[in-house]
file input30.tsv (TSV, C-alpha atoms)
chain	number	residue	atom	x	y	z
R	1	MET	CA	205.67	115.22	201.55
R	2	SER	CA	205.45	115.08	197.78
R	3	ASP	CA	206.97	111.59	197.75
R	4	PHE	CA	204.38	110.43	200.28
R	5	VAL	CA	201.55	111.77	198.13
R	6	SER	CA	202.91	110.08	195.01
R	7	VAL	CA	202.90	106.71	196.77
R	8	ILE	CA	199.38	107.15	198.06
R	9	THR	CA	198.05	108.35	194.71
R	10	PRO	CA	200.42	106.97	192.06
R	11	ASN	CA	200.15	108.11	188.44
R	12	THR	CA	198.25	105.45	186.45
R	13	ASP	CA	197.69	107.44	183.27
R	14	LEU	CA	200.56	106.62	180.95
R	15	THR	CA	198.78	107.55	177.74
R	16	VAL	CA	200.06	110.56	175.86
R	17	ALA	CA	198.15	111.58	172.78
R	18	ASP	CA	199.95	112.76	169.67
R	19	PHE	CA	200.42	116.53	169.92
R	20	ASP	CA	201.46	119.40	167.73
R	21	GLY	CA	205.21	119.62	167.30
R	22	ARG	CA	207.51	122.27	165.94
R	23	GLY	CA	208.27	122.55	162.30
R	24	PRO	CA	206.19	122.80	159.14
R	25	GLY	CA	202.75	121.38	159.59
R	26	THR	CA	201.53	119.69	162.74
R	27	SER	CA	202.07	116.15	163.91
R	28	THR	CA	198.34	115.56	164.29
R	29	ASN	CA	197.98	115.84	160.54
R	30	LEU	CA	199.55	112.38	160.48
R	31	SER	CA	198.35	111.17	163.84
R	32	THR	CA	199.89	107.95	165.15
R	33	GLY	CA	197.71	107.80	168.24
R	34	ASP	CA	199.28	107.27	171.66
R	35	ILE	CA	202.99	108.12	171.29
R	36	ARG	CA	204.21	106.44	174.51
R	37	ARG	CA	202.37	103.11	174.89
R	38	LYS	CA	202.84	100.12	172.55
R	39	TYR	CA	199.81	98.07	173.69
R	40	ASN	CA	201.78	94.99	172.60
R	41	PHE	CA	200.78	95.96	169.05
R	42	GLY	CA	202.35	93.28	166.86
R	43	SER	CA	202.67	92.81	163.13
R	44	ARG	CA	200.32	89.81	162.90
R	45	VAL	CA	196.75	90.16	161.61
R	46	SER	CA	193.84	87.75	162.09
R	47	GLU	CA	192.27	86.93	158.74
R	48	LEU	CA	189.41	84.70	157.58
R	49	SER	CA	190.72	81.69	155.69
R	50	ILE	CA	188.49	81.71	152.62
R	51	PRO	CA	189.49	78.20	151.46
R	52	GLN	CA	188.11	76.86	154.76
R	53	ASP	CA	184.74	78.59	154.40
R	54	PRO	CA	182.11	75.82	153.86
R	55	PHE	CA	180.35	77.63	151.00
R	56	PHE	CA	183.58	78.48	149.18
R	57	ARG	CA	185.00	75.01	149.78
R	58	PHE	CA	181.85	73.35	148.44
R	59	LEU	CA	181.85	75.40	145.25
R	60	SER	CA	185.56	74.75	144.76
R	61	GLN	CA	184.71	71.06	144.28
R	62	ALA	CA	182.43	71.79	141.30
R	63	ALA	CA	183.78	70.26	138.10
R	64	LYS	CA	184.97	72.74	135.50
R	65	LYS	CA	185.77	71.80	131.92
R	66	PRO	CA	187.03	74.10	129.16
R	67	THR	CA	185.04	74.68	125.98
R	68	ASP	CA	186.15	76.05	122.62
R	69	ASP	CA	182.77	77.55	121.75
R	70	PRO	CA	180.77	80.18	123.71
R	71	GLN	CA	177.60	78.28	122.77
R	72	PHE	CA	178.17	74.60	123.41
R	73	LYS	CA	176.07	71.43	123.35
R	74	TYR	CA	176.11	68.55	125.77
R	75	THR	CA	174.25	65.32	126.48
R	76	GLU	CA	172.61	64.24	129.71
R	77	LYS	CA	171.97	60.62	130.63
R	78	ARG	CA	169.27	59.74	133.13
R	79	PRO	CA	168.94	56.05	134.05
R	80	SER	CA	165.52	54.44	134.10
R	81	PHE	CA	165.91	51.58	136.59
R	82	ASN	CA	164.79	53.84	139.46
R	83	LYS	CA	161.97	55.43	137.46
R	84	ARG	CA	159.87	52.35	136.87
R	85	TYR	CA	156.74	53.71	138.50
R	86	ALA	CA	153.33	54.99	137.41
R	87	TYR	CA	149.94	55.98	138.83
R	88	VAL	CA	146.69	53.99	138.63
R	89	MET	CA	144.52	56.54	136.80
R	90	GLY	CA	141.64	54.14	136.15
R	91	TYR	CA	140.69	50.54	135.48
R	92	VAL	CA	138.48	48.31	133.36
R	93	GLN	CA	135.42	46.84	135.07
R	94	ASN	CA	134.16	43.28	134.75
R	95	ASP	CA	131.63	44.41	132.12
R	96	GLY	CA	134.42	45.92	130.00
R	97	GLN	CA	133.55	49.51	130.84
R	98	ASP	CA	136.25	51.98	131.81
R	99	GLU	CA	136.14	53.58	135.25
R	100	PHE	CA	138.02	56.80	136.01
R	101	ALA	CA	135.87	58.26	138.81
R	102	ASP	CA	135.86	55.56	141.48
R	103	SER	CA	138.81	54.58	143.66
R	104	THR	CA	137.31	51.22	144.71
R	105	ILE	CA	139.45	48.25	143.69
R	106	GLU	CA	137.51	46.02	141.30
R	107	ALA	CA	138.48	42.63	139.86
R	108	TYR	CA	138.35	42.41	136.08
R	109	ASN	CA	137.65	38.67	136.05
R	110	ASP	CA	134.59	38.48	138.34
R	111	GLY	CA	133.62	42.05	139.30
R	112	GLY	CA	134.48	41.58	142.97
R	113	THR	CA	135.17	44.87	144.74
R	114	GLY	CA	136.98	45.98	147.87
R	115	THR	CA	137.49	43.15	150.33
R	116	SER	CA	136.06	40.69	147.79
R	117	VAL	CA	139.19	41.06	145.65
R	118	ALA	CA	141.27	37.99	146.46
R	119	VAL	CA	144.56	36.37	145.54
R	120	GLY	CA	144.30	35.03	141.99
R	121	ASP	CA	141.85	37.69	140.81
R	122	THR	CA	142.73	39.79	137.76
R	123	LEU	CA	143.02	43.58	137.58
R	124	LYS	CA	143.12	45.58	134.36
R	125	LEU	CA	144.63	48.98	135.06
R	126	TYR	CA	145.37	52.20	133.20
R	127	MET	CA	148.85	53.32	134.32
R	128	ALA	CA	149.94	56.95	133.75
R	129	GLY	CA	153.45	58.40	134.07
R	130	ASP	CA	154.72	61.81	135.16
R	131	TYR	CA	157.98	62.09	133.19
R	132	LYS	CA	158.93	62.06	129.52
R	133	TYR	CA	160.23	58.65	128.49
R	134	GLN	CA	162.39	60.27	125.79
R	135	GLY	CA	165.39	61.25	127.91
R	136	ASN	CA	163.62	60.38	131.19
R	137	VAL	CA	162.95	64.09	131.72
R	138	GLN	CA	161.20	64.59	135.04
R	139	ASN	CA	159.74	67.47	137.00
R	140	VAL	CA	161.84	69.86	139.04
R	141	TYR	CA	160.11	70.52	142.35
R	142	GLY	CA	158.54	73.97	142.33
R	143	ASN	CA	159.17	74.60	138.62
R	144	THR	CA	155.66	74.68	137.17
R	145	SER	CA	156.64	76.62	134.03
R	146	ASN	CA	158.28	73.49	132.57
R	147	LYS	CA	156.08	70.96	134.31
R	148	VAL	CA	155.15	67.46	133.19
R	149	ASP	CA	151.62	66.58	134.30
R	150	VAL	CA	150.56	63.03	135.07
R	151	GLY	CA	149.47	61.35	131.85
R	152	ALA	CA	150.76	64.12	129.57
R	153	SER	CA	151.75	63.30	125.99
R	154	GLY	CA	155.11	61.53	125.91
R	155	THR	CA	154.77	60.02	129.40
R	156	THR	CA	153.33	56.61	128.44
R	157	PRO	CA	155.14	54.04	130.65
R	158	LYS	CA	157.30	51.74	128.52
R	159	PHE	CA	158.89	49.60	131.20
R	160	PHE	CA	156.01	47.31	132.20
R	161	LEU	CA	156.61	43.70	131.11
R	162	PRO	CA	154.79	40.38	131.57
R	163	GLY	CA	156.16	38.53	134.58
R	164	GLN	CA	156.96	41.65	136.58
R	165	LEU	CA	155.65	42.14	140.09
R	166	ILE	CA	154.12	45.52	140.84
R	167	LYS	CA	153.35	47.09	144.20
R	168	ILE	CA	150.09	49.04	144.00
R	169	PRO	CA	149.51	51.45	146.93
R	170	THR	CA	146.04	51.54	148.48
R	171	MET	CA	144.07	53.88	150.74
R	172	THR	CA	140.77	54.25	152.56
R	173	ASP	CA	138.12	53.83	149.88
R	174	GLY	CA	136.55	57.11	148.74
R	175	ALA	CA	138.86	59.15	150.96
R	176	SER	CA	138.49	62.94	150.93
R	177	ALA	CA	142.05	63.46	152.20
R	178	THR	CA	145.51	62.21	151.32
R	179	THR	CA	146.42	60.95	154.80
R	180	SER	CA	145.69	57.28	154.03
R	181	TRP	CA	147.44	57.21	150.65
R	182	GLY	CA	149.90	54.32	150.62
R	183	ALA	CA	148.75	52.99	154.00
R	184	SER	CA	148.78	49.49	152.50
R	185	TYR	CA	149.37	47.86	149.12
R	186	ILE	CA	148.42	45.13	146.68
R	187	LEU	CA	151.04	42.92	145.06
R	188	ALA	CA	150.27	41.67	141.55
R	189	ARG	CA	152.07	39.86	138.72
R	190	ILE	CA	151.70	41.31	135.22
R	191	SER	CA	150.28	38.94	132.61
R	192	SER	CA	149.93	41.31	129.63
R	193	VAL	CA	150.86	44.88	128.66
R	194	ASP	CA	149.56	47.30	126.02
R	195	ALA	CA	151.90	50.29	125.79
R	196	SER	CA	151.02	51.36	122.25
R	197	SER	CA	147.24	51.79	121.94
R	198	TYR	CA	147.14	55.05	123.87
R	199	GLU	CA	150.64	56.38	123.23
R	200	GLY	CA	149.30	58.68	120.53
R	201	SER	CA	145.57	58.53	121.25
R	202	ALA	CA	144.37	59.88	124.59
R	203	LYS	CA	142.24	57.95	127.05
R	204	ASP	CA	140.45	60.21	129.52
R	205	SER	CA	142.74	63.06	128.33
R	206	LYS	CA	145.85	61.08	129.25
R	207	TYR	CA	148.26	58.68	127.54
R	208	PRO	CA	148.45	55.53	129.67
R	209	THR	CA	149.71	51.98	129.39
R	210	VAL	CA	147.18	49.20	129.97
R	211	VAL	CA	148.41	46.55	132.41
R	212	GLU	CA	146.58	43.31	133.14
R	213	CYS	CA	147.83	41.57	136.27
R	214	LYS	CA	146.98	38.81	138.73
R	215	VAL	CA	146.72	39.58	142.44
R	216	VAL	CA	149.44	37.95	144.56
R	217	LYS	CA	148.76	39.85	147.78
R	218	ALA	CA	145.13	40.84	148.43
R	219	PRO	CA	144.20	44.31	149.72
R	220	ASP	CA	143.95	45.04	153.42
R	221	SER	CA	140.31	45.16	154.54
R	222	SER	CA	140.74	48.74	155.79
R	223	TYR	CA	142.31	50.04	152.57
R	224	VAL	CA	140.40	48.94	149.48
R	225	GLY	CA	140.81	52.03	147.30
R	226	PHE	CA	143.56	52.87	144.82
R	227	ALA	CA	145.85	55.55	146.29
R	228	GLY	CA	146.00	58.82	144.36
R	229	TYR	CA	142.26	59.49	144.34
R	230	TYR	CA	140.48	62.32	146.13
R	231	ASN	CA	136.70	62.07	146.58
R	232	ASN	CA	136.71	59.31	143.94
R	233	ASN	CA	138.46	61.57	141.43
R	234	PHE	CA	141.98	60.87	140.23
R	235	GLY	CA	144.12	63.59	141.76
R	236	PRO	CA	147.76	62.68	142.47
R	237	GLY	CA	148.42	66.39	143.00
R	238	GLY	CA	146.49	66.23	146.28
R	239	ALA	CA	143.04	67.42	145.18
R	240	ALA	CA	140.19	66.08	143.05
R	241	GLY	CA	141.20	66.25	139.39
R	242	ASP	CA	144.62	67.73	140.19
R	243	GLU	CA	147.14	66.10	137.87
R	244	VAL	CA	149.87	68.74	138.33
R	245	VAL	CA	152.61	67.20	140.46
R	246	ALA	CA	155.56	69.55	139.87
R	247	ASP	CA	154.48	71.57	142.90
R	248	GLN	CA	154.20	68.55	145.20
R	249	SER	CA	156.79	66.87	147.39
R	250	ILE	CA	157.82	63.37	146.34
R	251	ALA	CA	158.53	62.24	149.90
R	252	SER	CA	155.41	63.59	151.56
R	253	LEU	CA	152.80	62.96	148.85
R	254	LEU	CA	153.69	61.57	145.43
R	255	GLU	CA	155.62	58.52	146.58
R	256	ARG	CA	152.58	57.27	148.47
R	257	SER	CA	150.50	56.95	145.30
R	258	ARG	CA	153.10	55.52	142.92
R	259	THR	CA	152.96	51.94	141.68
R	260	TYR	CA	156.47	50.48	141.43
R	261	VAL	CA	157.99	47.47	139.73
R	262	VAL	CA	159.32	45.35	142.60
R	263	GLY	CA	160.86	42.39	140.82
R	264	SER	CA	159.61	39.53	138.67
R	265	ALA	CA	158.47	35.92	139.02
R	266	HIS	CA	158.70	33.18	136.37
R	267	ALA	CA	158.10	29.46	136.14
R	268	GLU	CA	161.00	27.05	135.92
R	269	GLY	CA	162.09	26.49	132.33
R	270	SER	CA	159.83	29.27	131.05
R	271	GLY	CA	162.55	30.71	128.82
R	272	PHE	CA	163.60	34.29	128.26
R	273	PRO	CA	161.14	37.01	129.26
R	274	GLU	CA	160.33	40.07	127.17
R	275	THR	CA	162.48	43.17	127.35
R	276	TRP	CA	162.16	46.86	126.59
R	277	ILE	CA	164.34	49.63	125.16
R	278	ASP	CA	164.77	52.85	127.10
R	279	GLN	CA	165.99	56.18	125.77
R	280	PRO	CA	167.98	57.81	128.60
R	281	TYR	CA	169.75	60.49	126.54
R	282	GLN	CA	168.83	64.12	126.05
R	283	SER	CA	170.93	66.80	124.37
R	284	ASN	CA	170.95	70.40	125.49
R	285	HIS	CA	173.01	73.54	125.05
R	286	GLY	CA	174.81	75.91	127.34
R	287	LEU	CA	176.27	79.42	127.26
R	288	THR	CA	179.56	80.71	128.55
R	289	GLN	CA	179.71	83.88	130.64
R	290	ILE	CA	182.45	86.50	130.82
R	291	TRP	CA	183.43	87.67	134.29
R	292	LYS	CA	185.70	90.69	134.83
R	293	THR	CA	187.34	91.90	138.03
R	294	SER	CA	189.69	94.87	137.84
R	295	MET	CA	192.39	96.33	140.09
R	296	ALA	CA	194.64	99.38	139.76
R	297	MET	CA	197.36	101.06	141.81
R	298	THR	CA	199.81	103.87	141.10
R	299	ASN	CA	203.55	103.26	141.26
R	300	THR	CA	203.75	105.67	144.20
R	301	ALA	CA	201.20	103.62	146.11
R	302	ARG	CA	203.07	100.43	145.25
R	303	ALA	CA	206.34	101.90	146.54
R	304	THR	CA	204.84	103.03	149.86
R	305	VAL	CA	205.89	100.79	152.78
R	306	LEU	CA	202.90	99.79	154.90
R	307	LYS	CA	202.71	98.35	158.37
R	308	PHE	CA	201.08	94.95	157.84
R	309	GLU	CA	201.89	93.96	154.27
R	310	SER	CA	205.26	93.85	152.59
R	311	SER	CA	203.53	94.42	149.25
R	312	GLU	CA	200.12	96.05	149.03
R	313	TRP	CA	199.97	95.15	145.34
R	314	ALA	CA	200.40	91.46	146.15
R	315	ARG	CA	197.71	91.68	148.83
R	316	VAL	CA	195.17	93.33	146.53
R	317	TRP	CA	196.06	90.92	143.71
R	318	ARG	CA	195.42	87.96	146.02
R	319	GLU	CA	192.11	89.42	147.23
R	320	LYS	CA	190.94	90.15	143.68
R	321	LEU	CA	191.74	86.62	142.56
R	322	ILE	CA	189.56	85.28	145.38
R	323	GLU	CA	186.84	87.83	144.59
R	324	HIS	CA	186.91	86.80	140.91
R	325	LYS	CA	186.69	83.12	141.77
R	326	TRP	CA	183.89	83.82	144.25
R	327	ASP	CA	181.88	85.64	141.56
R	328	ILE	CA	182.31	82.77	139.11
R	329	GLU	CA	181.30	80.12	141.59
R	330	THR	CA	178.25	81.97	142.91
R	331	SER	CA	177.13	82.35	139.29
R	332	LEU	CA	177.60	78.61	138.84
R	333	LEU	CA	175.23	78.14	141.75
R	334	PHE	CA	172.57	80.82	141.21
R	335	GLY	CA	172.90	81.80	137.52
R	336	SER	CA	170.15	81.53	134.91
R	337	GLN	CA	170.95	80.88	131.25
R	338	TYR	CA	169.99	83.83	129.09
R	339	THR	CA	171.20	86.12	126.27
R	340	ASP	CA	170.06	89.73	126.53
R	341	GLY	CA	169.55	92.36	123.86
R	342	ASP	CA	173.17	93.53	124.16
R	343	SER	CA	174.45	90.03	123.32
R	344	ILE	CA	175.63	89.49	126.89
R	345	GLN	CA	175.46	85.80	127.81
R	346	TYR	CA	174.60	84.38	131.22
R	347	THR	CA	175.44	80.80	132.15
R	348	GLN	CA	173.09	78.38	133.88
R	349	GLY	CA	173.57	77.73	137.58
R	350	ALA	CA	172.96	74.57	139.54
R	351	VAL	CA	169.93	75.88	141.44
call {"tool": "encode", "arguments": {"input": "input30.tsv", "output": "structure tokens"}}
result
Amino acid sequence: MSDFVSVITPNTDLTVADFDGRGPGTSTNLSTGDIRRKYNFGSRVSELSIPQDPFFRFLSQAAKKPTDDPQFKYTEKRPSFNKRYAYVMGYVQNDGQDEFADSTIEAYNDGGTGTSVAVGDTLKLYMAGDYKYQGNVQNVYGNTSNKVDVGASGTTPKFFLPGQLIKIPTMTDGASATTSWGASYILARISSVDASSYEGSAKDSKYPTVVECKVVKAPDSSYVGFAGYYNNNFGPGGAAGDEVVADQSIASLLERSRTYVVGSAHAEGSGFPETWIDQPYQSNHGLTQIWKTSMAMTNTARATVLKFESSEWARVWREKLIEHKWDIETSLLFGSQYTDGDSIQYTQGAV
């Protein structure tokens, strides 16, 4: 009868918890869990492969060079070929008067405005820059503490030359929004340049280059205002009179009001054109930073045999090396250069 019952209701509970045994102390003081079942418990452990982590792998590619001085100097070189742009901040009217509060395109040679400006007409423009020509130091998006405003001292464009073609963006005349900025453009060939008169003497509180050019492509009839104006006030920052551009996106706003050099055109046998000298170098200094990561283990702990690692010391050593490298590389990304009152130095990060 007992056999029959055991078949009908077989024993399915094979787990036996660790229990108190005889002898000094009790076995549960060093509990090993279930003492009968193995649960196919192997010796392998799943572990995250740090070198394959995208963040860690990216930072591992950062160049690292030794230095023999905790305060070191270096030089940055910023090319100028892709920075040959400026903003039309104003123009000279047919009567010789300056105009800085009207976006309407006006020909210097005959006073024609808007749709009356035709191919062959002359424009005389005040062109303002938004980066320092010494070192080609430009704005960092969102960093307004070290900003370079449009037309600030040291931003006078030096790259304009006679014979160059410039693409001048246009917009709806007198627009009170930025939506039409750069909707069309004028193409003009430069005939003369004055980059020295206002390099040290401000014109309308800015330091522009004067460019006289001949229209090659006339303005579209729907867009006869210079882009970069807001309610007939120069405002490349997106509002009337706003000349701060460090807080504006290049792609969504600034690019649509920038006048670019787009080549040159010369007559056959006209000889060598003029040239210009750029200054792409800027020196700076950096600080080293001391990182420390410690580890410690007693000889008894080192001699203890563990289940998953043949050497706990080697495991901790490996983890600490990764931790140390991780700390260094996150500092290289997010650090800010600084020396505090205790003479502790902090290195500059990439962000």
call {"tool": "residues_around", "arguments": {"input": "input30.tsv", "residues": "range 89-106 of chain R", "least_positions_apart": "3", "cutoff": "8 Å", "atoms": "only C-alpha atoms", "output": "list of chain:residue names"}}
result
R:Asn109, R:Asp110, R:Gly111, R:Gly112, R:Thr113, R:Gly114, R:Val117, R:Leu123, R:Lys124, R:Leu125, R:Tyr126, R:Met127, R:Ala128, R:Asp173, R:Gly174, R:Asp204, R:Val224, R:Gly225, R:Phe226, R:Ala227, R:Tyr229, R:Asn232, R:Asn233, R:Phe234
call {"tool": "write_last_selection", "arguments": {"input": "input30.tsv", "atoms": "C-alpha atoms", "output": "compact mmCIF listing (two decimals), keeping the file's coordinate frame"}}
result
# COMPACT_ATOMS: atom_id res chain seq x y z
CA ASN R 109 137.65 38.67 136.05
CA ASP R 110 134.59 38.48 138.34
CA GLY R 111 133.62 42.05 139.30
CA GLY R 112 134.48 41.58 142.97
CA THR R 113 135.17 44.87 144.74
CA GLY R 114 136.98 45.98 147.87
CA VAL R 117 139.19 41.06 145.65
CA LEU R 123 143.02 43.58 137.58
CA LYS R 124 143.12 45.58 134.36
CA LEU R 125 144.63 48.98 135.06
CA TYR R 126 145.37 52.20 133.20
CA MET R 127 148.85 53.32 134.32
CA ALA R 128 149.94 56.95 133.75
CA ASP R 173 138.12 53.83 149.88
CA GLY R 174 136.55 57.11 148.74
CA ASP R 204 140.45 60.21 129.52
CA VAL R 224 140.40 48.94 149.48
CA GLY R 225 140.81 52.03 147.30
CA PHE R 226 143.56 52.87 144.82
CA ALA R 227 145.85 55.55 146.29
CA TYR R 229 142.26 59.49 144.34
CA ASN R 232 136.71 59.31 143.94
CA ASN R 233 138.46 61.57 141.43
CA PHE R 234 141.98 60.87 140.23
call {"tool": "atom_distance", "arguments": {"input": "input30.tsv", "atom1": "CA of Cys213 in chain R", "atom2": "CA of Gly263 in chain R"}}
result
13.8 Å
call {"tool": "atom_distance", "arguments": {"input": "input30.tsv", "atom1": "CA of Met295 in chain R", "atom2": "CA of Asp340 in chain R"}}
result
26.9 Å
call {"tool": "closest_residue", "arguments": {"input": "input30.tsv", "among": "R:Pro219, R:Pro280, R:Gly237, R:Gly341", "to": "Gly135 in chain R", "atoms": "all atoms listed in the file"}}
result
R:Pro280
call {"tool": "residues_around", "arguments": {"input": "input30.tsv", "residues": "Ser205 in chain R", "least_positions_apart": "2", "cutoff": "12 Å", "atoms": "only C-alpha atoms", "output": "ChimeraX atom specification"}}
result
/R:89-90,100,128,149-153,198-203,207-208,241,243
call {"tool": "closest_residue", "arguments": {"input": "input30.tsv", "among": "R:Thr67, R:Glu312, R:Val244, R:Ser180", "to": "Thr300 in chain R", "atoms": "all atoms listed in the file"}}
result
R:Glu312
call {"tool": "closest_residue", "arguments": {"input": "input30.tsv", "among": "R:Trp313, R:Tyr223, R:Phe72, R:Tyr141", "to": "Thr115 in chain R", "atoms": "all atoms listed in the file"}}
result
R:Tyr223
call {"tool": "residues_around", "arguments": {"input": "input30.tsv", "residues": "Thr293 in chain R", "least_positions_apart": "5", "cutoff": "10 Å", "atoms": "all atoms listed in the file", "output": "list in words"}}
result
Lys320, Leu321, Glu323, His324, Lys325 and Asp327 of chain R
call {"tool": "write_last_selection", "arguments": {"input": "input30.tsv", "atoms": "C-alpha atoms", "output": "PDB file, in the coordinates of the input"}}
result
ATOM      1  CA  LYS R 320     190.940  90.150 143.680  1.00  0.00           C
ATOM      2  CA  LEU R 321     191.740  86.620 142.560  1.00  0.00           C
ATOM      3  CA  GLU R 323     186.840  87.830 144.590  1.00  0.00           C
ATOM      4  CA  HIS R 324     186.910  86.800 140.910  1.00  0.00           C
ATOM      5  CA  LYS R 325     186.690  83.120 141.770  1.00  0.00           C
ATOM      6  CA  ASP R 327     181.880  85.640 141.560  1.00  0.00           C
TER       7      ASP R 327
END
call {"tool": "residues_around", "arguments": {"input": "input30.tsv", "residues": "Arg84 in chain R", "least_positions_apart": "2", "cutoff": "9 Å", "atoms": "all atoms listed in the file", "output": "PyMOL selection string"}}
result
chain R and resi 80-82+86+157-160+259-261
call {"tool": "residues_near_point", "arguments": {"input": "input30.tsv", "point": "(149.1, 61.8, 141.3)", "cutoff": "7 Å", "atoms": "only C-alpha atoms", "output": "ChimeraX atom specification"}}
result
/R:87,150,228,235-237,243,245,254,257
call {"tool": "closest_residue", "arguments": {"input": "input30.tsv", "among": "R:Ser336, R:Asn139, R:Thr330, R:Thr178", "to": "Ala240 in chain R", "atoms": "only C-alpha atoms"}}
result
R:Thr178
call {"tool": "closest_residue", "arguments": {"input": "input30.tsv", "among": "R:Val137, R:Leu332, R:Ile168, R:Leu187", "to": "Lys83 in chain R", "atoms": "all atoms listed in the file"}}
result
R:Val137
call {"tool": "atom_distance", "arguments": {"input": "input30.tsv", "atom1": "CA of Gln279 in chain R", "atom2": "CA of Tyr133 in chain R"}}
result
6.8 Å
call {"tool": "residues_near_point", "arguments": {"input": "input30.tsv", "point": "(146.6, 33.7, 143.4)", "cutoff": "8 Å", "atoms": "only C-alpha atoms", "output": "PDB file with C-alpha atoms, keeping the file's coordinate frame"}}
result
ATOM      1  CA  ALA R 118     141.270  37.990 146.460  1.00  0.00           C
ATOM      2  CA  VAL R 119     144.560  36.370 145.540  1.00  0.00           C
ATOM      3  CA  GLY R 120     144.300  35.030 141.990  1.00  0.00           C
ATOM      4  CA  ASP R 121     141.850  37.690 140.810  1.00  0.00           C
ATOM      5  CA  LYS R 214     146.980  38.810 138.730  1.00  0.00           C
ATOM      6  CA  VAL R 215     146.720  39.580 142.440  1.00  0.00           C
ATOM      7  CA  VAL R 216     149.440  37.950 144.560  1.00  0.00           C
ATOM      8  CA  LYS R 217     148.760  39.850 147.780  1.00  0.00           C
TER       9      LYS R 217
END
call {"tool": "closest_residue", "arguments": {"input": "input30.tsv", "among": "R:Pro70, R:Pro162, R:Gly182, R:Gly335", "to": "Trp276 in chain R", "atoms": "all atoms listed in the file"}}
result
R:Pro162
call {"tool": "residues_around", "arguments": {"input": "input30.tsv", "residues": "Ser184 in chain R", "least_positions_apart": "4", "cutoff": "7 Å", "atoms": "only C-alpha atoms", "output": "number ranges by chain"}}
result
R: 169-171, 220, 223
